[in-house]
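Peer 1: Below is a structure I'd like to ask you about.
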Amino acid sequence: MSRISVRGFAVASATAVTTVGAVVGVATGDPSSNDLETTASGATLLAEIPVDEQAQVQSATLAQQADAIAHAADTDAKRSTEEAARVQAAEDAKSKKAEAEKADKAKKDKEKADLEAKAKAEREEEGEIASRSAARDSADFPVQGSYTVAQVKAMAQQMVPAGQFQCFSNIINHESTWNYKAVNASSGAYGLVQALPGTKMASAGADWRTNPATQIKWGLNYMNERYGSPCGAWSFWQANNWY
């Protein structure tokens, strides 16, 4: 039985009960019988509502329910869309932050590389300047049979640029204590700068064994070519205890 049929049955039943009550009231002389008659009459009119109108009422109710369901669905969809948008915004912000950090790191790495390249260029330039600005060459000093430490230092001060002399002196102090005939018993390194082998210094002069000026010349060129300057060589020596 359909919902409309049930409602019609319920209305008809109510009408029947009311009508019976009205008849009983008249038979017993109940003064409320008029009210019962009126109720019965109303019930009869209710029962007489056409089925198609009942269907319209039912349809209206179903339409309201459908509207409510659709509204709830729209609300859920809107909420889901907003939540998805929030999650996406969070992901976008996270991605942007990661990209910004990556770009910042790349920038810092580039700045560091640029600074290192600049420092290297400056060292090389200092080495070239040091090489060009040496006041005197080894050939400028008269050859002697022997030299004191003070004489050897005086030669170095005249051959090594002033701004590089202290670094040069620090290395010589550690390597040979200004002894131009110093020999390393283990390796065979020789002279002021402890060239290994000592024969390397022949490129600066054939008298490399006995002439401290020749050794200073070779040592200065070595430091300039390998480390950019005596100070560059001294920085390396401090970190490694050799150069």
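All residue names refer to the structure tokens as shown: chains lettered A, B, ... in order, residues numbered from 1 in each chain, ligands numbered from 1 in order.
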Report as JSON lines the residues of range 209-238 of chain A within 9 Å of range 100-124 of chain A, each with its shortest atom pair and distance in Å (one decimal), using only C-alpha atoms, ordered by chain and increasing residue number.

Peer 2:
{"residue": "A:Asn224", "atom": "CA", "partner": "A:Glu124", "partner_atom": "CA", "distance": 7.7}
{"residue": "A:Glu225", "atom": "CA", "partner": "A:Glu124", "partner_atom": "CA", "distance": 8.3}
{"residue": "A:Tyr227", "atom": "CA", "partner": "A:Arg123", "partner_atom": "CA", "distance": 7.7}
{"residue": "A:Gly228", "atom": "CA", "partner": "A:Glu124", "partner_atom": "CA", "distance": 4.5}
{"residue": "A:Ser229", "atom": "CA", "partner": "A:Arg123", "partner_atom": "CA", "distance": 6.6}
{"residue": "A:Cys231", "atom": "CA", "partner": "A:Arg123", "partner_atom": "CA", "distance": 8.9}
{"residue": "A:Gly232", "atom": "CA", "partner": "A:Arg123", "partner_atom": "CA", "distance": 7.1}

Peer 1: Store the residues of this selection in a file with C-alpha atoms, as an mmCIF file, in the first residue's frame.

Peer 2:
data_model
loop_
_atom_site.group_PDB
_atom_site.id
_atom_site.type_symbol
_atom_site.label_atom_id
_atom_site.label_comp_id
_atom_site.auth_asym_id
_atom_site.auth_seq_id
_atom_site.Cartn_x
_atom_site.Cartn_y
_atom_site.Cartn_z
ATOM 1 C CA ASN A 224 105.002 33.374 -5.828
ATOM 2 C CA GLU A 225 104.350 30.696 -8.449
ATOM 3 C CA TYR A 227 101.025 30.164 -3.533
ATOM 4 C CA GLY A 228 100.749 33.608 -5.090
ATOM 5 C CA SER A 229 103.104 35.219 -2.598
ATOM 6 C CA CYS A 231 102.221 35.291 2.656
ATOM 7 C CA GLY A 232 100.147 32.779 0.700
#

Peer 1: Write out as a PyMOL selection string each polymer residue whose atoms come within 12 Å of range 169-180 of chain A, counting only C-alpha atoms; drop sequence neighbours fewer than 5 positions from it.

Peer 2: chain A and resi 146-157+159-164+189-196+198+207-216+219-220+223+230-238+241-243

Peer 1: Give me, please, the distance in Å between CA of Ser186 in chain A and CA of Ala206 in chain A, quoted to one decimal.

Peer 2: 24.3 Å

Peer 1: Pick out the closest residue to Val183 in chain A from this set: A:Pro197, A:Lys217, A:Ala72, A:Gln158. Count only C-alpha atoms.

Peer 2: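 Checking each of A:Pro197, A:Lys217, A:Ala72, A:Gln158 against Val183 in chain A, counting only C-alpha atoms, the winner is A:Pro197.
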
Peer 1: Given only C-alpha atoms as the basis, pick out the residue of A:Ser59, A:Asn240, A:Ser80, A:Asn221 nearest to Met201 in chain A.

Peer 2: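 Answer, going by the shortest atom-to-atom distance: A:Asn221.
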